[in-house]
Structure formats: C-alpha cells, structure tokens
>>> print(open('work36.pdb').read())   # PDB, C-alpha atoms and all ligand atoms
ATOM      1  CA  MET V 629       8.926  -0.459  31.267
ATOM      2  CA  PHE V 630       6.339   2.052  30.161
ATOM      3  CA  THR V 631       8.644   4.815  28.966
ATOM      4  CA  ASN V 632      11.210   4.892  26.175
ATOM      5  CA  SER V 633      14.908   4.880  26.960
ATOM      6  CA  THR V 634      17.838   5.772  24.729
ATOM      7  CA  GLN V 635      18.102   2.022  24.001
ATOM      8  CA  GLY V 636      14.535   1.236  22.995
ATOM      9  CA  TYR V 637      10.797   1.863  22.937
ATOM     10  CA  GLY V 638       8.678   1.411  26.075
ATOM     11  CA  LEU V 639       5.294  -0.286  26.281
ATOM     12  CA  ILE V 640       3.269   2.892  25.628
ATOM     13  CA  SER V 641       5.112   3.719  22.392
ATOM     14  CA  VAL V 642       4.904   0.092  21.267
ATOM     15  CA  LEU V 643       1.140  -0.032  21.904
ATOM     16  CA  PHE V 644       0.609   3.286  20.121
ATOM     17  CA  HIS V 645       2.627   2.040  17.155
ATOM     18  CA  TRP V 646       0.869  -1.294  16.660
ATOM     19  CA  LEU V 647      -2.617  -0.006  17.396
ATOM     20  CA  LEU V 648      -2.184   2.680  14.742
ATOM     21  CA  ALA V 649      -0.482   0.206  12.391
ATOM     22  CA  LEU V 650      -3.764  -1.774  12.461
ATOM     23  CA  LEU V 651      -6.203   1.134  12.422
ATOM     24  CA  ILE V 652      -4.705   3.217   9.591
ATOM     25  CA  PRO V 653      -4.651   0.546   6.838
ATOM     26  CA  GLY V 654      -8.030  -0.567   8.224
ATOM     27  CA  LEU V 655      -9.455   2.922   7.675
ATOM     28  CA  PHE V 656      -8.063   2.914   4.163
ATOM     29  CA  ALA V 657      -9.746  -0.387   3.322
ATOM     30  CA  LEU V 658     -12.992   0.756   4.934
ATOM     31  CA  GLY V 659     -12.869   4.015   2.939
ATOM     32  CA  VAL V 660     -12.317   2.285  -0.402
ATOM     33  CA  TRP V 661     -15.106  -0.197   0.340
ATOM     34  CA  MET V 662     -17.662   2.261   1.682
ATOM     35  CA  VAL V 663     -17.615   4.709  -1.251
ATOM     36  CA  GLU V 664     -18.814   1.876  -3.520
ATOM     37  CA  LEU V 665     -21.787   0.942  -1.332
ATOM     38  CA  ASP V 666     -25.253   0.930  -2.760
ATOM     39  CA  TYR V 667     -27.820   3.280  -1.200
ATOM     40  CA  TYR V 668     -29.903   0.263  -0.164
ATOM     41  CA  SER V 669     -27.045  -1.422   1.671
ATOM     42  CA  GLU V 670     -27.452  -1.556   5.444
ATOM     43  CA  TRP V 671     -23.865  -0.213   5.638
ATOM     44  CA  TYR V 672     -24.579   2.874   3.537
ATOM     45  CA  HIS V 673     -24.843   5.129   6.608
ATOM     46  CA  ARG V 674     -23.142   2.959   9.180
ATOM     47  CA  ALA V 675     -19.787   2.522   7.384
ATOM     48  CA  PRO V 676     -19.075   6.265   6.912
ATOM     49  CA  ALA V 677     -20.125   6.888  10.546
ATOM     50  CA  ILE V 678     -17.555   4.302  11.689
ATOM     51  CA  HIS V 679     -14.946   5.657   9.255
ATOM     52  CA  LYS V 680     -15.341   9.186  10.597
ATOM     53  CA  ALA V 681     -15.405   8.179  14.277
ATOM     54  CA  VAL V 682     -12.343   5.929  13.954
ATOM     55  CA  GLY V 683     -10.657   8.553  11.724
ATOM     56  CA  VAL V 684     -11.016  11.273  14.360
ATOM     57  CA  SER V 685      -9.768   8.822  17.018
ATOM     58  CA  VAL V 686      -6.717   7.974  14.888
ATOM     59  CA  VAL V 687      -5.837  11.645  14.489
ATOM     60  CA  GLY V 688      -6.170  12.108  18.258
ATOM     61  CA  LEU V 689      -4.022   9.032  18.976
ATOM     62  CA  MET V 690      -1.400  10.180  16.474
ATOM     63  CA  ILE V 691      -1.140  13.562  18.263
ATOM     64  CA  LEU V 692      -0.945  11.909  21.702
ATOM     65  CA  ARG V 693       1.700   9.548  20.404
ATOM     66  CA  TRP V 694       3.793  12.415  19.110
ATOM     67  CA  ILE V 695       3.495  14.278  22.439
ATOM     68  CA  TRP V 696       4.491  11.067  24.271
ATOM     69  CA  LEU V 697       7.524  10.647  21.989
ATOM     70  CA  ARG V 698       8.619  14.227  22.778
ATOM     71  CA  LEU V 699       8.174  13.722  26.545
ATOM     72  CA  ASN V 700      10.424  10.650  26.520
ATOM     73  CA  PRO V 701      14.191  10.354  26.117
ATOM     74  CA  ARG V 702      15.124  10.137  22.443
ATOM     75  CA  VAL V 703      15.586   6.543  21.286
ATOM     76  CA  LEU V 704      19.076   6.497  19.792
ATOM     77  CA  PRO V 705      19.278   5.302  16.188
ATOM     78  CA  LEU V 706      21.095   2.034  15.571
ATOM     79  CA  MET V 707      24.275   2.164  13.532
ATOM     80  CA  HIS V 708      23.137   2.928  10.000
ATOM     81  CA  ALA V 709      24.335   4.883   7.004
ATOM     82  CA  ASP V 710      23.381   8.578   7.161
ATOM     83  CA  TRP V 711      21.095   8.295   4.143
ATOM     84  CA  GLU V 712      19.178   5.439   5.753
ATOM     85  CA  HIS V 713      18.671   7.387   8.925
ATOM     86  CA  LEU V 714      17.506  10.422   6.947
ATOM     87  CA  ALA V 715      15.161   8.296   4.795
ATOM     88  CA  ALA V 716      13.589   6.680   7.858
ATOM     89  CA  LYS V 717      13.108  10.011   9.629
ATOM     90  CA  THR V 718      11.611  11.600   6.520
ATOM     91  CA  VAL V 719       9.142   8.735   6.084
ATOM     92  CA  HIS V 720       8.151   8.911   9.782
ATOM     93  CA  ALA V 721       7.542  12.670   9.486
ATOM     94  CA  LEU V 722       5.478  12.145   6.309
ATOM     95  CA  LEU V 723       3.402   9.449   8.025
ATOM     96  CA  TYR V 724       2.446  11.984  10.700
ATOM     97  CA  LEU V 725       1.783  14.658   8.079
ATOM     98  CA  GLY V 726      -0.347  12.286   5.979
ATOM     99  CA  VAL V 727      -2.575  11.404   8.922
ATOM    100  CA  LEU V 728      -3.016  15.088   9.813
ATOM    101  CA  LEU V 729      -3.927  15.956   6.214
ATOM    102  CA  LEU V 730      -6.427  13.087   6.109
ATOM    103  CA  GLY V 731      -7.943  14.336   9.337
ATOM    104  CA  THR V 732      -8.244  17.878   7.993
ATOM    105  CA  SER V 733      -9.591  16.947   4.563
ATOM    106  CA  GLY V 734     -11.914  14.320   6.085
ATOM    107  CA  TYR V 735     -13.259  16.915   8.498
ATOM    108  CA  LEU V 736     -13.846  19.349   5.613
ATOM    109  CA  ILE V 737     -15.775  16.684   3.643
ATOM    110  CA  ALA V 738     -17.854  15.664   6.624
ATOM    111  CA  THR V 739     -18.710  19.215   7.765
ATOM    112  CA  ALA V 740     -19.314  20.708   4.298
ATOM    113  CA  GLU V 741     -23.021  21.096   4.966
ATOM    114  CA  GLY V 742     -22.658  22.330   8.513
ATOM    115  CA  GLN V 743     -22.982  18.940  10.259
ATOM    116  CA  GLY V 744     -20.655  17.963  13.123
ATOM    117  CA  VAL V 745     -18.580  14.753  13.183
ATOM    118  CA  LYS V 746     -19.970  12.302  15.729
ATOM    119  CA  VAL V 747     -17.322  10.192  17.426
ATOM    120  CA  PHE V 748     -19.368   7.131  18.379
ATOM    121  CA  ASP V 749     -21.783   8.355  21.040
ATOM    122  CA  VAL V 750     -19.017   9.933  23.075
ATOM    123  CA  PHE V 751     -18.697  13.429  21.653
ATOM    124  CA  GLU V 752     -19.150  15.455  18.491
ATOM    125  CA  VAL V 753     -16.554  17.607  16.733
ATOM    126  CA  PRO V 754     -18.498  20.741  15.790
ATOM    127  CA  PRO V 755     -18.381  22.229  12.273
ATOM    128  CA  LEU V 756     -16.439  25.480  11.802
ATOM    129  CA  SER V 757     -19.481  27.161  10.298
ATOM    130  CA  ALA V 758     -23.117  26.408   9.483
ATOM    131  CA  GLU V 759     -22.401  26.390   5.747
ATOM    132  CA  ALA V 760     -19.489  25.509   3.458
ATOM    133  CA  LEU V 761     -16.269  27.504   4.009
ATOM    134  CA  PHE V 762     -15.524  27.584   0.272
ATOM    135  CA  GLU V 763     -17.152  26.498  -2.977
ATOM    136  CA  ARG V 764     -17.294  22.788  -3.835
ATOM    137  CA  GLN V 765     -15.819  22.090  -0.385
ATOM    138  CA  ALA V 766     -16.867  18.427  -0.226
ATOM    139  CA  ASP V 767     -15.616  17.711  -3.779
ATOM    140  CA  LEU V 768     -12.236  19.410  -3.405
ATOM    141  CA  ALA V 769     -11.554  18.092   0.086
ATOM    142  CA  GLY V 770     -12.697  14.669  -1.164
ATOM    143  CA  GLU V 771     -10.150  14.709  -3.982
ATOM    144  CA  ILE V 772      -7.350  15.697  -1.618
ATOM    145  CA  HIS V 773      -8.491  12.995   0.812
ATOM    146  CA  VAL V 774      -8.241  10.274  -1.848
ATOM    147  CA  TYR V 775      -4.801  11.342  -3.103
ATOM    148  CA  VAL V 776      -3.375  11.676   0.389
ATOM    149  CA  ALA V 777      -4.870   8.310   1.413
ATOM    150  CA  TYR V 778      -3.205   6.490  -1.524
ATOM    151  CA  GLY V 779       0.040   8.409  -0.918
ATOM    152  CA  LEU V 780      -0.015   7.419   2.750
ATOM    153  CA  MET V 781      -0.477   3.750   1.857
ATOM    154  CA  ALA V 782       2.513   3.959  -0.507
ATOM    155  CA  LEU V 783       4.578   5.383   2.371
ATOM    156  CA  VAL V 784       3.370   2.616   4.681
ATOM    157  CA  VAL V 785       4.519   0.028   2.123
ATOM    158  CA  LEU V 786       7.925   1.724   1.967
ATOM    159  CA  HIS V 787       8.088   1.910   5.762
ATOM    160  CA  VAL V 788       7.214  -1.781   6.164
ATOM    161  CA  ALA V 789       9.712  -2.729   3.438
ATOM    162  CA  GLY V 790      12.384  -0.809   5.379
ATOM    163  CA  ALA V 791      11.500  -2.620   8.601
ATOM    164  CA  LEU V 792      11.632  -6.020   6.851
ATOM    165  CA  LYS V 793      14.946  -5.181   5.183
ATOM    166  CA  HIS V 794      16.458  -4.398   8.583
ATOM    167  CA  HIS V 795      15.099  -7.575  10.071
ATOM    168  CA  PHE V 796      15.833 -10.104   7.344
ATOM    169  CA  ILE V 797      18.709  -8.624   5.350
ATOM    170  CA  ASP V 798      20.690  -6.483   7.794
ATOM    171  CA  ARG V 799      19.556  -8.725  10.666
ATOM    172  CA  ASP V 800      19.637  -5.838  13.110
ATOM    173  CA  ALA V 801      17.362  -4.925  16.052
ATOM    174  CA  THR V 802      15.206  -2.255  14.329
ATOM    175  CA  LEU V 803      12.019  -4.343  14.171
ATOM    176  CA  ARG V 804      12.645  -6.129  17.486
ATOM    177  CA  ARG V 805      12.915  -2.717  19.169
ATOM    178  CA  MET V 806       9.451  -1.779  17.922
ATOM    179  CA  LEU V 807       8.232  -5.026  19.505
ATOM    180  CA  GLY V 808       9.472  -3.740  22.853
ATOM    181  CA  LYS V 809      12.792  -5.600  23.053
ATOM    182  CA  ARG V 810      15.903  -3.712  24.199
TER     183      ARG V 810
HETATM  184  C1  LIG V 901      -5.784   7.753   8.579
HETATM  185  C2  LIG V 901      -6.964   8.276   8.374
HETATM  186  C3  LIG V 901      -7.849   8.072   7.166
HETATM  187  C4  LIG V 901      -7.683   7.265   6.053
HETATM  188  C5  LIG V 901      -6.533   6.333   5.711
HETATM  189  C6  LIG V 901      -8.852   7.491   5.210
HETATM  190  C7  LIG V 901      -9.085   6.885   3.984
HETATM  191  C8  LIG V 901     -10.168   7.090   3.172
HETATM  192  C9  LIG V 901     -10.381   6.495   1.880
HETATM  193  C10 LIG V 901      -9.409   5.547   1.168
HETATM  194  C11 LIG V 901     -11.585   6.926   1.404
HETATM  195  C12 LIG V 901     -12.222   6.545   0.054
HETATM  196  C13 LIG V 901     -11.980   7.643  -0.915
HETATM  197  C14 LIG V 901     -12.478   7.328  -2.303
HETATM  198  O1  LIG V 901     -12.019   6.347  -2.909
HETATM  199  O2  LIG V 901     -13.323   8.104  -2.791
HETATM  200  C15 LIG V 901     -12.146   7.811   2.394
HETATM  201  C16 LIG V 901     -13.373   8.466   2.279
HETATM  202  C17 LIG V 901     -13.885   9.319   3.229
HETATM  203  N1  LIG V 901     -13.292   9.685   4.426
HETATM  204 FE1  LIG V 901     -11.506   9.052   5.104
HETATM  205  N2  LIG V 901      -9.681   8.410   5.818
HETATM  206  C18 LIG V 901      -9.108   8.778   7.014
HETATM  207  C19 LIG V 901      -9.619   9.678   7.935
HETATM  208  C20 LIG V 901     -10.839  10.334   7.830
HETATM  209  C21 LIG V 901     -11.384  11.269   8.798
HETATM  210  C22 LIG V 901     -10.678  11.715  10.083
HETATM  211  C23 LIG V 901     -12.600  11.682   8.326
HETATM  212  C24 LIG V 901     -13.618  12.643   8.905
HETATM  213  C25 LIG V 901     -13.539  13.304  10.003
HETATM  214  C26 LIG V 901     -12.829  11.004   7.066
HETATM  215  C27 LIG V 901     -13.947  11.156   6.283
HETATM  216  C28 LIG V 901     -14.160  10.560   5.073
HETATM  217  C29 LIG V 901     -15.357  10.754   4.280
HETATM  218  C30 LIG V 901     -16.558  11.639   4.639
HETATM  219  C31 LIG V 901     -15.179   9.976   3.125
HETATM  220  C32 LIG V 901     -16.177   9.820   1.950
HETATM  221  C33 LIG V 901     -15.757  10.701   0.835
HETATM  222  C34 LIG V 901     -16.651  10.552  -0.372
HETATM  223  O3  LIG V 901     -17.830  10.258  -0.210
HETATM  224  O4  LIG V 901     -16.110  10.756  -1.470
HETATM  225  N3  LIG V 901     -11.738  10.189   6.792
HETATM  226  N4  LIG V 901     -11.256   7.907   3.463
HETATM  227  C1  LIG V 902       3.123  -3.916   9.776
HETATM  228  C2  LIG V 902       3.412  -2.659   9.615
HETATM  229  C3  LIG V 902       4.561  -1.900  10.272
HETATM  230  C4  LIG V 902       5.833  -2.302  10.637
HETATM  231  C5  LIG V 902       6.465  -3.671  10.452
HETATM  232  C6  LIG V 902       6.486  -1.158  11.244
HETATM  233  C7  LIG V 902       7.764  -1.125  11.791
HETATM  234  C8  LIG V 902       8.356  -0.068  12.443
HETATM  235  C9  LIG V 902       9.637  -0.086  13.098
HETATM  236  C10 LIG V 902      10.571  -1.282  13.149
HETATM  237  C11 LIG V 902       9.872   1.150  13.637
HETATM  238  C12 LIG V 902      11.097   1.594  14.416
HETATM  239  C13 LIG V 902      12.013   2.388  13.541
HETATM  240  C14 LIG V 902      13.202   2.943  14.289
HETATM  241  O1  LIG V 902      13.420   2.623  15.469
HETATM  242  O2  LIG V 902      13.929   3.734  13.655
HETATM  243  C15 LIG V 902       8.730   1.965  13.329
HETATM  244  C16 LIG V 902       8.586   3.300  13.696
HETATM  245  C17 LIG V 902       7.535   4.105  13.310
HETATM  246  N1  LIG V 902       6.409   3.683  12.636
HETATM  247 FE1  LIG V 902       6.020   1.828  11.930
HETATM  248  N2  LIG V 902       5.627  -0.088  11.207
HETATM  249  C18 LIG V 902       4.438  -0.503  10.617
HETATM  250  C19 LIG V 902       3.326   0.259  10.384
HETATM  251  C20 LIG V 902       3.237   1.623  10.622
HETATM  252  C21 LIG V 902       2.097   2.450  10.261
HETATM  253  C22 LIG V 902       0.806   1.980   9.545
HETATM  254  C23 LIG V 902       2.400   3.712  10.668
HETATM  255  C24 LIG V 902       1.582   4.960  10.552
HETATM  256  C25 LIG V 902       1.041   5.409   9.470
HETATM  257  C26 LIG V 902       3.716   3.703  11.283
HETATM  258  C27 LIG V 902       4.374   4.808  11.814
HETATM  259  C28 LIG V 902       5.594   4.794  12.433
HETATM  260  C29 LIG V 902       6.245   5.977  13.003
HETATM  261  C30 LIG V 902       5.695   7.397  12.970
HETATM  262  C31 LIG V 902       7.452   5.534  13.568
HETATM  263  C32 LIG V 902       8.497   6.400  14.287
HETATM  264  C33 LIG V 902       8.438   6.228  15.769
HETATM  265  C34 LIG V 902       7.273   6.942  16.392
HETATM  266  O3  LIG V 902       6.918   8.079  15.983
HETATM  267  O4  LIG V 902       6.661   6.357  17.317
HETATM  268  N3  LIG V 902       4.198   2.402  11.236
HETATM  269  N4  LIG V 902       7.815   1.198  12.597
END
>>> encode(input="work36.pdb", output="structure tokens")
Amino acid sequence: MFTNSTQGYGLISVLFHWLLALLIPGLFALGVWMVELDYYSEWYHRAPAIHKAVGVSVVGLMILRWIWLRLNPRVLPLMHADWEHLAAKTVHALLYLGVLLLGTSGYLIATAEGQGVKVFDVFEVPPLSAEALFERQADLAGEIHVYVAYGLMALVVLHVAGALKHHFIDRDATLRRMLGKR
C-alpha cells in the first residue's frame, strides 16, 4: 500500500520518514565538520556545496512530505494519554518548523553576497537580490542557523527517545507503524 490509512502509514510516508531521518542528522554532522575545515583541504569547497545542495533537497522533501500527509487519510493515534499525544504532535510540528528555519537561514547565509544556491548540477535557487538584504546578513543568519541546528538535534533525540519508549516500555505499535506495519 502506497497511501496512509487510518490504521497506519503507507510506503510513501515510510520512505519519506526514513530518508529524512538519515539525511537530517547527516547534514548536521556534515555542517559541524565542514566549518572546521582548513582552507587547503580538498573538501573546503566541496563539503559546503554538498551541504547546501542536500539542505535544499531536504527542505523540498519535507514540504512534499507534509503535502502528502495532508492528502492522505489521517492516521489515527494509538491509545495514549492526552499529554503524550500533545507532546508528540508538538515535537512533530517543531521538527517541520526547525527544518524550514534551517532552510531559510541557510539560504540567507549562502546568498549574502548575491550568489545563488546550486543544487548539484540540476538547478540553482536564485538569490533574492544582488547584494545583502540587511547588514551582517551572513553572520546573523549563521548564528541563527547554528542555534536552530542544535535545537533540532535536541528535538530529534527527544523524538527518538519517545519512539523507543513506546517500543520497549509500552510495547505498543508506534514504531512498528512507522516501519510500515499495520
Ligand atoms: C536540516 C537542514 C540543515 C541542517 C541540520 C544544517 C546544519 C548545519 C550545521 C550544524 C552547520 C555548522 C554550523 C557551525 O557550527 O558553525 C551548518 C553550516 C552551514 N549551513 Fe547548514 N544545515 C541545514 C540546511 C542548510 C541549507 C538548506 C543551507 C543553504 C541553502 C545551509 C547552508 C549552510 C552554510 C552556508 C553553512 C556554513 C555557515 C558558516 O560558514 O558559518 N544549511 N549547517
Ligand atoms: C532513528 C530516528 C527516528 C525514529 C526511531 C523515529 C520514529 C518515529 C515514529 C515511530 C513515528 C510515528 C509516530 C506516530 O505515529 O505518532 C514518527 C513520526 C514522525 N517523525 Fe520520526 N523518527 C526518527 C527520526 C526522525 C527525524 C530525524 C525526523 C525529522 C527531523 C522525524 C520526523 C518525524 C515526523 C515529522 C513525524 C510525524 C509524521 C509525519 O509527519 O510524517 N523523525 N517518527
């Protein structure tokens, strides 16, 4: 089954979830590593190019995933306490928000001198203007980018801890559902 039903996630949602679950922490690790690179490293230009291209792709996938979720029947929550349901939904919403903020701040860093963002050799996201939109654009957007990135990783840890708690302590189907089981 490709689509979601009230009882569980379909193949498309499952693939979106696990692809992004690999790419997002991967982008974080790449980001932390690349800002420490020496100018003479062969990765000095290549790593940020990959980071930006994958980053733009992740934002695009996250938007497509959200649209797909809205087009499908709503997957009914399992029987949980109200606070747990609310906590899970809040964390999911913040995960989307975090990725969007990283996309926006990343774009503002990358386009601060009027360059576009090349997404591999497929297309280029153009800059909004030929010069910076505001003073110290790259610095300010860079600071926001770092804080949001660390905040997002903290949320991911919380999210994974929740999934593991359901699986190993409550022994319910929450994690199995995200593996495509109904
Ligand atoms: C989920 C998405 C993303 C994550 C988790 C992420 C994470 C990070 C991290 C951890 C750093 C290192 C920051 C530091 O320690 O100084 C970084 C740097 C950077 N990111 Fe991202 N990023 C994401 C998306 C993007 C996107 C979409 C773009 C551009 C379109 C982008 C552009 C940059 C740039 C240019 C830097 C270098 C900043 C500097 O030189 O200080 N990132 N990112
Ligand atoms: C190994 C890491 C991960 C595990 C074990 C995991 C587990 C799960 C599980 C079990 C659900 C279903 C919750 C439910 O039905 O109420 C879920 C949903 C979700 N997960 Fe994860 N997850 C992981 C990583 C991530 C990452 C890195 C992100 C994005 C930053 C993410 C974003 C989401 C979102 C937004 C949902 C809500 C459903 C949707 O919008 O498609 N997850 N996750």
>>> closest_atom_pairs(input="work36.pdb", of="chain V", to="ligand LIG 902 (chain V)", cutoff="6 Å", atoms="only C-alpha atoms and all ligand atoms", output="tab-separated table")
residue	atom	partner	partner_atom	distance
V:Ser641	CA	V:LIG902	O4	5.9
V:His645	CA	V:LIG902	O4	5.9
V:Ala649	CA	V:LIG902	C22	3.6
V:Ile652	CA	V:LIG902	C22	5.6
V:His720	CA	V:LIG902	C30	4.3
V:Leu723	CA	V:LIG902	C25	4.9
V:Val784	CA	V:LIG902	C22	5.5
V:Val788	CA	V:LIG902	C4	4.7
V:Ala791	CA	V:LIG902	C10	4.8
V:Thr802	CA	V:LIG902	C10	4.9
V:Leu803	CA	V:LIG902	C10	3.5
V:Met806	CA	V:LIG902	C10	4.9
>>> resolve_selection(input="work36.pdb", expression="the PyMOL selection byres (((chain V and resi 728-733) around 10) and not hetatm)", output="PyMOL selection string")
chain V and resi 680+683-688+690-691+722-727+734-739+765-766+768-777+780
>>> closest_residue(input="work36.pdb", among="V:Lys717, V:Val747, V:Val703, V:Ala709", to="Pro676 (chain V)", atoms="only C-alpha atoms")
V:Val747
>>> resolve_selection(input="work36.pdb", expression="the PyMOL selection byres (((chain V and resi 701) around 12) and not hetatm)", output="list in words")
Thr631, Asn632, Ser633, Thr634, Gln635, Gly636, Tyr637, Gly638, Ser641, Ile695, Trp696, Leu697, Arg698, Leu699, Asn700, Arg702, Val703 and Leu704 of chain V
>>> axis_aligned_box(input="work36.pdb", around="region 711-725 of chain V", padding_each_side="3 Å", output="lines of an AutoDock Vina configuration file")
center_x = 11.4
center_y = 10.0
center_z = 7.4
size_x = 25.3
size_y = 15.2
size_z = 12.6
>>> atom_distance(input="work36.pdb", atom1="CA of Gly808 (chain V)", atom2="CA of Val642 (chain V)")
6.2 Å
>>> atom_distance(input="work36.pdb", atom1="CA of His787 (chain V)", atom2="CA of Asp800 (chain V)")
15.7 Å
>>> closest_residue(input="work36.pdb", among="V:Ala715, V:Leu651, V:Leu792, V:Leu786", to="ligand LIG 901 (chain V)", atoms="all atoms listed in the file")
V:Leu651
>>> residues_near_point(input="work36.pdb", point="(-20.3, 11.6, 18.7)", cutoff="12 Å", atoms="all atoms listed in the file", output="VMD selection string")
chain V and resid 677 to 678 680 to 682 684 to 685 743 to 754
>>> closest_residue(input="work36.pdb", among="V:Arg674, V:Arg804, V:Lys793, V:His679", to="ligand LIG 901 (chain V)", atoms="only C-alpha atoms and all ligand atoms")
V:His679
>>> closest_residue(input="work36.pdb", among="V:Ile797, V:Ser669, V:Met629, V:Gly779", to="ligand LIG 901 (chain V)", atoms="all atoms listed in the file")
V:Gly779
>>> atom_distance(input="work36.pdb", atom1="CA of Gly790 (chain V)", atom2="CA of Glu712 (chain V)")
9.2 Å
>>> closest_residue(input="work36.pdb", among="V:Phe630, V:Tyr672, V:Trp694, V:Trp646", to="ligand LIG 901 (chain V)", atoms="all atoms listed in the file")
V:Tyr672
>>> closest_residue(input="work36.pdb", among="V:Leu689, V:Ala740, V:Leu655, V:Leu706", to="ligand LIG 901 (chain V)", atoms="all atoms listed in the file")
V:Leu655
>>> build_atoms(input="work36.pdb", residues="region 680-709 of chain V", atoms="N, CA and C atoms", output="tab-separated table (two decimals), keeping the file's coordinate frame")
chain	number	residue	atom	x	y	z
V	680	LYS	N	-15.60	7.85	10.04
V	680	LYS	CA	-15.34	9.19	10.60
V	680	LYS	C	-14.96	9.11	12.07
V	681	ALA	N	-15.68	8.28	12.83
V	681	ALA	CA	-15.40	8.18	14.28
V	681	ALA	C	-14.00	7.60	14.52
V	682	VAL	N	-13.67	6.53	13.78
V	682	VAL	CA	-12.34	5.93	13.95
V	682	VAL	C	-11.28	6.90	13.42
V	683	GLY	N	-11.60	7.59	12.31
V	683	GLY	CA	-10.66	8.55	11.72
V	683	GLY	C	-10.29	9.65	12.71
V	684	VAL	N	-11.29	10.23	13.36
V	684	VAL	CA	-11.02	11.27	14.36
V	684	VAL	C	-10.19	10.69	15.51
V	685	SER	N	-10.52	9.45	15.93
V	685	SER	CA	-9.77	8.82	17.02
V	685	SER	C	-8.31	8.62	16.62
V	686	VAL	N	-8.08	8.20	15.37
V	686	VAL	CA	-6.72	7.97	14.89
V	686	VAL	C	-5.91	9.28	14.90
V	687	VAL	N	-6.54	10.36	14.47
V	687	VAL	CA	-5.84	11.64	14.49
V	687	VAL	C	-5.48	12.01	15.94
V	688	GLY	N	-6.43	11.82	16.84
V	688	GLY	CA	-6.17	12.11	18.26
V	688	GLY	C	-5.04	11.25	18.81
V	689	LEU	N	-5.06	9.94	18.49
V	689	LEU	CA	-4.02	9.03	18.98
V	689	LEU	C	-2.66	9.40	18.40
V	690	MET	N	-2.66	9.82	17.14
V	690	MET	CA	-1.40	10.18	16.47
V	690	MET	C	-0.79	11.41	17.16
V	691	ILE	N	-1.64	12.37	17.57
V	691	ILE	CA	-1.14	13.56	18.26
V	691	ILE	C	-0.62	13.19	19.66
V	692	LEU	N	-1.38	12.34	20.37
V	692	LEU	CA	-0.94	11.91	21.70
V	692	LEU	C	0.38	11.16	21.62
V	693	ARG	N	0.49	10.33	20.58
V	693	ARG	CA	1.70	9.55	20.40
V	693	ARG	C	2.92	10.43	20.18
V	694	TRP	N	2.70	11.50	19.40
V	694	TRP	CA	3.79	12.42	19.11
V	694	TRP	C	4.21	13.15	20.39
V	695	ILE	N	3.19	13.59	21.18
V	695	ILE	CA	3.50	14.28	22.44
V	695	ILE	C	4.28	13.33	23.36
V	696	TRP	N	3.82	12.06	23.42
V	696	TRP	CA	4.49	11.07	24.27
V	696	TRP	C	5.95	10.88	23.84
V	697	LEU	N	6.17	10.82	22.52
V	697	LEU	CA	7.52	10.65	21.99
V	697	LEU	C	8.41	11.81	22.44
V	698	ARG	N	7.85	13.03	22.38
V	698	ARG	CA	8.62	14.23	22.78
V	698	ARG	C	8.91	14.25	24.27
V	699	LEU	N	8.00	13.70	25.09
V	699	LEU	CA	8.17	13.72	26.54
V	699	LEU	C	9.22	12.71	27.01
V	700	ASN	N	9.52	11.73	26.16
V	700	ASN	CA	10.42	10.65	26.52
V	700	ASN	C	11.84	10.93	26.05
V	701	PRO	N	12.83	10.23	26.65
V	701	PRO	CA	14.19	10.35	26.12
V	701	PRO	C	14.21	9.90	24.65
V	702	ARG	N	15.07	10.48	23.86
V	702	ARG	CA	15.12	10.14	22.44
V	702	ARG	C	15.75	8.75	22.28
V	703	VAL	N	15.06	7.87	21.56
V	703	VAL	CA	15.59	6.54	21.29
V	703	VAL	C	16.73	6.70	20.28
V	704	LEU	N	17.92	6.29	20.67
V	704	LEU	CA	19.08	6.50	19.79
V	704	LEU	C	18.99	5.60	18.57
V	705	PRO	N	19.30	6.14	17.38
V	705	PRO	CA	19.28	5.30	16.19
V	705	PRO	C	20.34	4.21	16.29
V	706	LEU	N	20.08	3.09	15.65
V	706	LEU	CA	21.10	2.03	15.57
V	706	LEU	C	22.14	2.49	14.56
V	707	MET	N	23.22	1.77	14.47
V	707	MET	CA	24.28	2.16	13.53
V	707	MET	C	23.81	1.94	12.09
V	708	HIS	N	23.56	3.04	11.40
V	708	HIS	CA	23.14	2.93	10.00
V	708	HIS	C	23.84	3.99	9.19
V	709	ALA	N	23.82	3.83	7.87
V	709	ALA	CA	24.34	4.88	7.00
V	709	ALA	C	23.48	6.14	7.19
